[in-house]
Structures are given as structure tokens and as C-alpha cells.
Amino acid sequence: MLNIFTLANGRLVQEEIESLEELSRFKPIWVDLESPTVEEKRWIKQHYELSIPEDAMDDDIEESARFYEEDNGELHIRSDFLIDDDEDPRSVRVAFIVNEHNKSLRSCGVLFSIHDEDVPVFRLLRMRARRAPGLIDEAKDVLLKLFDADAEYSADTLEGIYDDLEKASQMVLSGDVTDDVAREVLGAIARQEDLNGRIRRNVMDTRRAVSFMMRSKMLNAEQFEEARQILRDIESLDSHTAFLFDKINFLMDATVGFININQNKIIKIFSVASVALLPPTLIASVYGMNFKFMPELEWEYGYVYVILLMILSAVGPMLYFRKRGWLK
């Protein structure tokens, strides 16, 4: 899918392109390619004289190759963006190319973005730019606003983690943690831990991208200050992710502790039962020995006496255990 974005009365206007002729009619500041086809890549190369690298969206690209500048002035930035999906939270690699010096461009610069699936941060920026005139003036503003929205999206996701962990805390600290409840809590905690780790990695990646833009001297004074504000916002998220890791570890330890308590209760039942049955077992063993004259046979009420004696020897320890509270 190929979408271009132009400025009209200070607002970002989106146009979906389906042919090369349509592409030549617009003067965009942002060209977005979502899962681009070979034909769409050919249109970009033919109209903008821009070749999209084959490894633009590869996940195994070297870290040193994620931020660089070409000899012709093109700036290449590869950054990860978070998708907070309830079933499958993940990060999506997005390749950005800032082209300001190509003579074929009819504007001061164009931002090209290439990705495999729609990113929530992109939708958030498109919605804001349509409603707020003057939010964006050029291509580099789009890139900065994307990183700003990414930091805000990460902050919103952290708030969701806080809410989910609060529900887990209430379940754990209620005191009645069965194995089913513990299984549910551990599943929720594991998901939040994974999501929190992705957020931490995502903001680290965003910090590196914004720092690269600042070092490349591609920003004017106003944009440079905005980039510094984005970095300050990202710094504020680090303490929250660290706190959430501590809270997750606490809930994990508490849940595992309740699981151990439940298991100990089962073991205690067997321990109490085995101790309580020792006296009857001893009596049965004594009366089962091969005496010359077997009492249970020589005496008319021998068997009844032995059975009653075994029952009484078992009741005594059980009453003692109950008094001590070991049967609760």
C-alpha cells in the first residue's frame, strides 16, 4: 500500500496512490509504504530516483547499519515501534529515509517510511495532524512527531500495565490463592513482564534514533529543542519500567510462595495421616506375629478388641493434632 501525505492549510492530507500518474500530481512531504509491492517500489525509484534497500525491514541487520548517511545526503534510520496487541504484543521494524537534496523532488524534503504492517503510532499522528493545523511544516517534523507519539504510546502502554498488575495484586493479596488463580496470575504477570521489556527496548531504540538526528545536524533550532524534549520524556519512562520490573518480581515471588503453601498443605495431610496411623500399624504388627497361642484366636473377642484398640490409638493423635491446629 502506497500513501502520500501533503500539507493543505497547515493540515496533513492523506492520498492513496494506485498508479505512477497519480504520484506525479502531488507534492508530498511524507511517503508511506506499507508492505510495498515490487511495482510500488518501482514507482518510487522512477519518480523520486530513490532505491529502497532490500534489507530495509530486516530484523537481523547490524546495529551500526541502523543509522547512517549516504554520500548523496540521504539519512537512513531504522527504528522499532511497539504494537500493544492483547494477544500478541510485538515490535515492528520501520525504515525511514529522509531525502532533502534530490533534484527530482519538488519540495524541500520528503520522508519515506517502509514497514510491513500498520503501526498505531502512525495512525495517532495522522489523526492529530488532520485535526491540528500547523503541527507539521516539513518532512523532519513528521519524523520527530512520530518519535514523540511513540514515547507517548509507550507511556500509555505502561499505564495499562499498571492497571493489569493492580488487578493481579488484588488476586494475590486476597489470601485465597488456589492453583487455578495462581495459574491465571502467573500468565498475566508473564505477559506484562514481556510487554514491559518490549517498552524498555522500544524507548531505548527511540532514544538512539533521536540522538542520531541531533548529531547529524539535520534539525533547526526549534526542532533540536523538540528532540531534547522527546529525550527528556523517554528518560522519565525509565524509572517507571524499572519500578514495574520490581513489582512484577514481587508478585511473581508472592504467587510462587502461595503455590508452595498449597503444596505444603497437601504434604502436611500425608504427614499427619502417616503419623496418626503409626500406632494402629504397630498394634497390627504385634498381633500379627506368629505366637504359639494367637490372642485373637484364643480369646472370643480378640479381633474386636484389637480393632477397637487400633481405632483408639489413631483417634488420640488426631485429637492432639487438631488441638495444635495442624489439621487446618
# chains A, B, ... in the order shown; residues from 1 in each chain; ligands from 1
>>> closest_atom_pairs(of="region 95-206 of chain A", to="region 19-30 of chain A", cutoff="6 Å", atoms="only C-alpha atoms", output="tab-separated table")
residue	atom	partner	partner_atom	distance
A:Val110	CA	A:Ile29	CA	4.5
A:Leu111	CA	A:Trp30	CA	4.7
A:Phe112	CA	A:Trp30	CA	6.0
A:Ala139	CA	A:Ile29	CA	5.1
>>> residues_around(residues="region 43-57 of chain A", least_positions_apart="6", cutoff="12 Å", atoms="only C-alpha atoms", output="number ranges by chain")
A: 2-4, 17-28, 31-37, 65-67, 70, 72-74, 76-80, 91-107, 109-117
>>> closest_residue(among="A:Glu193, A:Asp88, A:Ile269, A:Ile283", to="Leu251 (chain A)", atoms="only C-alpha atoms")
A:Glu193
>>> atom_distance(atom1="CA of Ser236 (chain A)", atom2="CA of Ala155 (chain A)")
9.4 Å
>>> select_by_dssp(residues="region 92-289 of chain A", states="strand (DSSP E or B)", output="JSON, numbers by chain")
{"A": [92, 93, 94, 95, 96, 97, 98, 99, 110, 111, 112, 113, 114, 115]}
>>> closest_residue(among="A:Tyr162, A:Asp150, A:Leu195, A:Arg183", to="Glu87 (chain A)", atoms="only C-alpha atoms")
A:Leu195
>>> residues_around(residues="Glu226 (chain A)", least_positions_apart="3", cutoff="12 Å", atoms="only C-alpha atoms", output="list in words")
Lys140, Asp141, Leu143, Leu144, Lys145, Phe147, Asp148, Val210, Ser211, Met213, Met214, Leu219, Asn220, Ala221, Glu222, Gln223, Gln229, Ile230, Leu231, Arg232 and Asp233 of chain A
>>> residues_around(residues="Gly325 (chain A)", least_positions_apart="4", cutoff="12 Å", atoms="only C-alpha atoms", output="PDB file with N, CA, C and O atoms, in the first residue's frame")
ATOM      1  N   LYS A 268       1.385 -31.902  54.170  1.00  0.00           N
ATOM      2  CA  LYS A 268       1.072 -31.963  55.604  1.00  0.00           C
ATOM      3  C   LYS A 268      -0.015 -33.001  55.880  1.00  0.00           C
ATOM      4  O   LYS A 268       0.028 -33.708  56.899  1.00  0.00           O
ATOM      5  N   VAL A 272       0.561 -35.958  58.495  1.00  0.00           N
ATOM      6  CA  VAL A 272      -0.292 -36.167  59.665  1.00  0.00           C
ATOM      7  C   VAL A 272      -0.923 -37.557  59.635  1.00  0.00           C
ATOM      8  O   VAL A 272      -0.989 -38.269  60.646  1.00  0.00           O
ATOM      9  N   MET A 318      -4.929 -37.867  66.384  1.00  0.00           N
ATOM     10  CA  MET A 318      -5.715 -36.929  65.579  1.00  0.00           C
ATOM     11  C   MET A 318      -6.287 -35.816  66.444  1.00  0.00           C
ATOM     12  O   MET A 318      -6.311 -34.647  66.035  1.00  0.00           O
ATOM     13  N   LEU A 319      -6.756 -36.174  67.664  1.00  0.00           N
ATOM     14  CA  LEU A 319      -7.254 -35.137  68.567  1.00  0.00           C
ATOM     15  C   LEU A 319      -6.143 -34.184  68.987  1.00  0.00           C
ATOM     16  O   LEU A 319      -6.351 -32.965  69.107  1.00  0.00           O
ATOM     17  N   TYR A 320      -4.963 -34.736  69.198  1.00  0.00           N
ATOM     18  CA  TYR A 320      -3.818 -33.888  69.568  1.00  0.00           C
ATOM     19  C   TYR A 320      -3.451 -32.951  68.418  1.00  0.00           C
ATOM     20  O   TYR A 320      -3.202 -31.761  68.629  1.00  0.00           O
ATOM     21  N   PHE A 321      -3.443 -33.455  67.178  1.00  0.00           N
ATOM     22  CA  PHE A 321      -3.122 -32.623  66.015  1.00  0.00           C
ATOM     23  C   PHE A 321      -4.166 -31.530  65.813  1.00  0.00           C
ATOM     24  O   PHE A 321      -3.827 -30.406  65.449  1.00  0.00           O
TER      25      PHE A 321
END
>>> closest_residue(among="A:Asp84, A:Glu235, A:Asp164, A:Asp246", to="Arg207 (chain A)", atoms="only C-alpha atoms")
A:Glu235
>>> closest_residue(among="A:Arg130, A:Gly197, A:Val121, A:Ile259", to="Asp179 (chain A)", atoms="only C-alpha atoms")
A:Ile259
>>> residues_around(residues="Ala188 (chain A)", least_positions_apart="2", cutoff="8 Å", atoms="only C-alpha atoms", output="list in words")
Asp164, Leu165, Ala168, Glu184, Val185, Leu186, Ala190, Arg191 and Gln192 of chain A
>>> write_last_selection(atoms="N, CA, C and O atoms", output="mmCIF file, in the first residue's frame")
data_model
loop_
_atom_site.group_PDB
_atom_site.id
_atom_site.type_symbol
_atom_site.label_atom_id
_atom_site.label_comp_id
_atom_site.auth_asym_id
_atom_site.auth_seq_id
_atom_site.Cartn_x
_atom_site.Cartn_y
_atom_site.Cartn_z
ATOM 1 N N ASP A 164 -3.241 -3.561 34.908
ATOM 2 C CA ASP A 164 -3.294 -5.024 34.901
ATOM 3 C C ASP A 164 -2.583 -5.612 36.116
ATOM 4 O O ASP A 164 -3.053 -6.599 36.709
ATOM 5 N N LEU A 165 -1.459 -5.018 36.490
ATOM 6 C CA LEU A 165 -0.747 -5.514 37.671
ATOM 7 C C LEU A 165 -1.520 -5.233 38.952
ATOM 8 O O LEU A 165 -1.425 -5.999 39.925
ATOM 9 N N ALA A 168 -3.877 -8.046 39.266
ATOM 10 C CA ALA A 168 -3.151 -9.230 39.719
ATOM 11 C C ALA A 168 -2.805 -9.129 41.204
ATOM 12 O O ALA A 168 -2.856 -10.127 41.934
ATOM 13 N N GLU A 184 -3.612 -18.295 36.605
ATOM 14 C CA GLU A 184 -4.076 -17.095 35.902
ATOM 15 C C GLU A 184 -3.181 -15.898 36.182
ATOM 16 O O GLU A 184 -2.845 -15.121 35.274
ATOM 17 N N VAL A 185 -2.783 -15.738 37.448
ATOM 18 C CA VAL A 185 -1.930 -14.605 37.828
ATOM 19 C C VAL A 185 -0.559 -14.718 37.166
ATOM 20 O O VAL A 185 -0.026 -13.730 36.641
ATOM 21 N N LEU A 186 0.013 -15.920 37.167
ATOM 22 C CA LEU A 186 1.330 -16.093 36.549
ATOM 23 C C LEU A 186 1.282 -15.809 35.053
ATOM 24 O O LEU A 186 2.221 -15.228 34.494
ATOM 25 N N ALA A 190 3.460 -12.824 33.427
ATOM 26 C CA ALA A 190 4.422 -13.117 32.359
ATOM 27 C C ALA A 190 4.176 -12.225 31.153
ATOM 28 O O ALA A 190 5.123 -11.726 30.532
ATOM 29 N N ARG A 191 2.909 -12.011 30.818
ATOM 30 C CA ARG A 191 2.601 -11.143 29.675
ATOM 31 C C ARG A 191 3.040 -9.692 29.949
ATOM 32 O O ARG A 191 3.626 -9.036 29.086
ATOM 33 N N GLN A 192 2.765 -9.202 31.151
ATOM 34 C CA GLN A 192 3.142 -7.825 31.473
ATOM 35 C C GLN A 192 4.653 -7.661 31.536
ATOM 36 O O GLN A 192 5.187 -6.615 31.167
#
>>> select_by_dssp(residues="region 122-159 of chain A", states="alpha helix (DSSP H)", output="short mmCIF file (atom, residue, chain, number, x, y, z; two decimals) with N, CA, C and O atoms, in the first residue's frame")
data_model
loop_
_atom_site.label_atom_id
_atom_site.label_comp_id
_atom_site.auth_asym_id
_atom_site.auth_seq_id
_atom_site.Cartn_x
_atom_site.Cartn_y
_atom_site.Cartn_z
N PHE A 122 1.60 5.58 13.85
CA PHE A 122 1.33 6.25 12.58
C PHE A 122 -0.12 6.72 12.52
O PHE A 122 -0.41 7.82 12.06
N ARG A 123 -1.04 5.86 12.96
CA ARG A 123 -2.45 6.25 12.97
C ARG A 123 -2.68 7.42 13.91
O ARG A 123 -3.46 8.34 13.60
N LEU A 124 -2.01 7.41 15.05
CA LEU A 124 -2.15 8.50 16.01
C LEU A 124 -1.67 9.82 15.43
O LEU A 124 -2.34 10.85 15.57
N LEU A 125 -0.53 9.80 14.73
CA LEU A 125 -0.02 11.03 14.13
C LEU A 125 -0.94 11.52 13.02
O LEU A 125 -1.20 12.74 12.91
N ARG A 126 -1.44 10.62 12.19
CA ARG A 126 -2.34 11.04 11.11
C ARG A 126 -3.59 11.70 11.66
O ARG A 126 -4.06 12.72 11.13
N MET A 127 -4.12 11.16 12.74
CA MET A 127 -5.33 11.74 13.35
C MET A 127 -5.04 13.12 13.91
O MET A 127 -5.81 14.06 13.73
N ARG A 128 -3.90 13.26 14.60
CA ARG A 128 -3.57 14.57 15.18
C ARG A 128 -3.29 15.61 14.11
O ARG A 128 -3.72 16.77 14.23
N ALA A 129 -2.56 15.21 13.07
CA ALA A 129 -2.17 16.18 12.04
C ALA A 129 -3.37 16.66 11.24
O ALA A 129 -3.34 17.78 10.71
N ARG A 130 -4.41 15.84 11.15
CA ARG A 130 -5.61 16.28 10.44
C ARG A 130 -6.41 17.28 11.27
O ARG A 130 -7.07 18.17 10.71
N ARG A 131 -6.33 17.14 12.59
CA ARG A 131 -7.15 17.99 13.46
C ARG A 131 -6.43 19.25 13.91
O ARG A 131 -7.09 20.25 14.24
N ALA A 139 9.20 17.60 6.32
CA ALA A 139 9.38 16.16 6.48
C ALA A 139 10.01 15.80 7.83
O ALA A 139 9.61 14.83 8.48
N LYS A 140 10.98 16.58 8.28
CA LYS A 140 11.64 16.26 9.54
C LYS A 140 10.70 16.42 10.72
O LYS A 140 10.86 15.74 11.75
N ASP A 141 9.72 17.31 10.59
CA ASP A 141 8.71 17.43 11.64
C ASP A 141 7.90 16.14 11.77
O ASP A 141 7.53 15.73 12.87
N VAL A 142 7.62 15.51 10.62
CA VAL A 142 6.87 14.24 10.65
C VAL A 142 7.65 13.20 11.44
O VAL A 142 7.09 12.50 12.30
N LEU A 143 8.94 13.10 11.17
CA LEU A 143 9.77 12.10 11.85
C LEU A 143 9.83 12.37 13.36
O LEU A 143 9.71 11.45 14.18
N LEU A 144 10.01 13.63 13.72
CA LEU A 144 10.06 13.97 15.15
C LEU A 144 8.72 13.70 15.83
O LEU A 144 8.68 13.18 16.95
N LYS A 145 7.63 14.03 15.15
CA LYS A 145 6.31 13.80 15.73
C LYS A 145 6.03 12.30 15.88
O LYS A 145 5.35 11.88 16.83
N LEU A 146 6.56 11.50 14.96
CA LEU A 146 6.40 10.05 15.10
C LEU A 146 7.12 9.54 16.34
O LEU A 146 6.57 8.71 17.09
N PHE A 147 8.34 9.99 16.55
CA PHE A 147 9.07 9.57 17.74
C PHE A 147 8.43 10.11 19.02
O PHE A 147 8.43 9.43 20.06
N ASP A 148 7.89 11.31 18.95
CA ASP A 148 7.18 11.87 20.10
C ASP A 148 5.93 11.05 20.41
O ASP A 148 5.66 10.72 21.58
N ALA A 149 5.18 10.70 19.37
CA ALA A 149 4.00 9.87 19.57
C ALA A 149 4.37 8.47 20.06
O ALA A 149 3.62 7.84 20.81
N ASP A 150 5.53 7.98 19.62
CA ASP A 150 5.98 6.67 20.07
C ASP A 150 6.25 6.68 21.57
O ASP A 150 5.89 5.74 22.29
N ALA A 151 6.90 7.75 22.06
CA ALA A 151 7.14 7.86 23.50
C ALA A 151 5.82 7.95 24.28
O ALA A 151 5.67 7.34 25.34
N GLU A 152 4.87 8.69 23.72
CA GLU A 152 3.57 8.81 24.39
C GLU A 152 2.81 7.48 24.36
O GLU A 152 2.16 7.11 25.34
N TYR A 153 2.92 6.76 23.24
CA TYR A 153 2.26 5.46 23.15
C TYR A 153 2.86 4.48 24.16
O TYR A 153 2.13 3.69 24.79
N SER A 154 4.17 4.54 24.34
CA SER A 154 4.81 3.70 25.34
C SER A 154 4.34 4.06 26.74
O SER A 154 4.12 3.18 27.58
N ALA A 155 4.17 5.36 26.99
CA ALA A 155 3.68 5.78 28.31
C ALA A 155 2.26 5.28 28.55
O ALA A 155 1.93 4.83 29.65
N ASP A 156 1.40 5.36 27.53
CA ASP A 156 0.04 4.86 27.68
C ASP A 156 0.03 3.35 27.93
O ASP A 156 -0.77 2.84 28.72
N THR A 157 0.93 2.64 27.26
CA THR A 157 1.01 1.20 27.46
C THR A 157 1.47 0.87 28.88
O THR A 157 1.01 -0.09 29.50
N LEU A 158 2.40 1.68 29.41
CA LEU A 158 2.84 1.49 30.79
C LEU A 158 1.68 1.69 31.77
O LEU A 158 1.57 0.97 32.77
N GLU A 159 0.82 2.65 31.49
CA GLU A 159 -0.34 2.84 32.35
C GLU A 159 -1.24 1.61 32.32
O GLU A 159 -1.80 1.20 33.36
#
>>> atom_distance(atom1="CA of Leu82 (chain A)", atom2="CA of Asp205 (chain A)")
10.8 Å
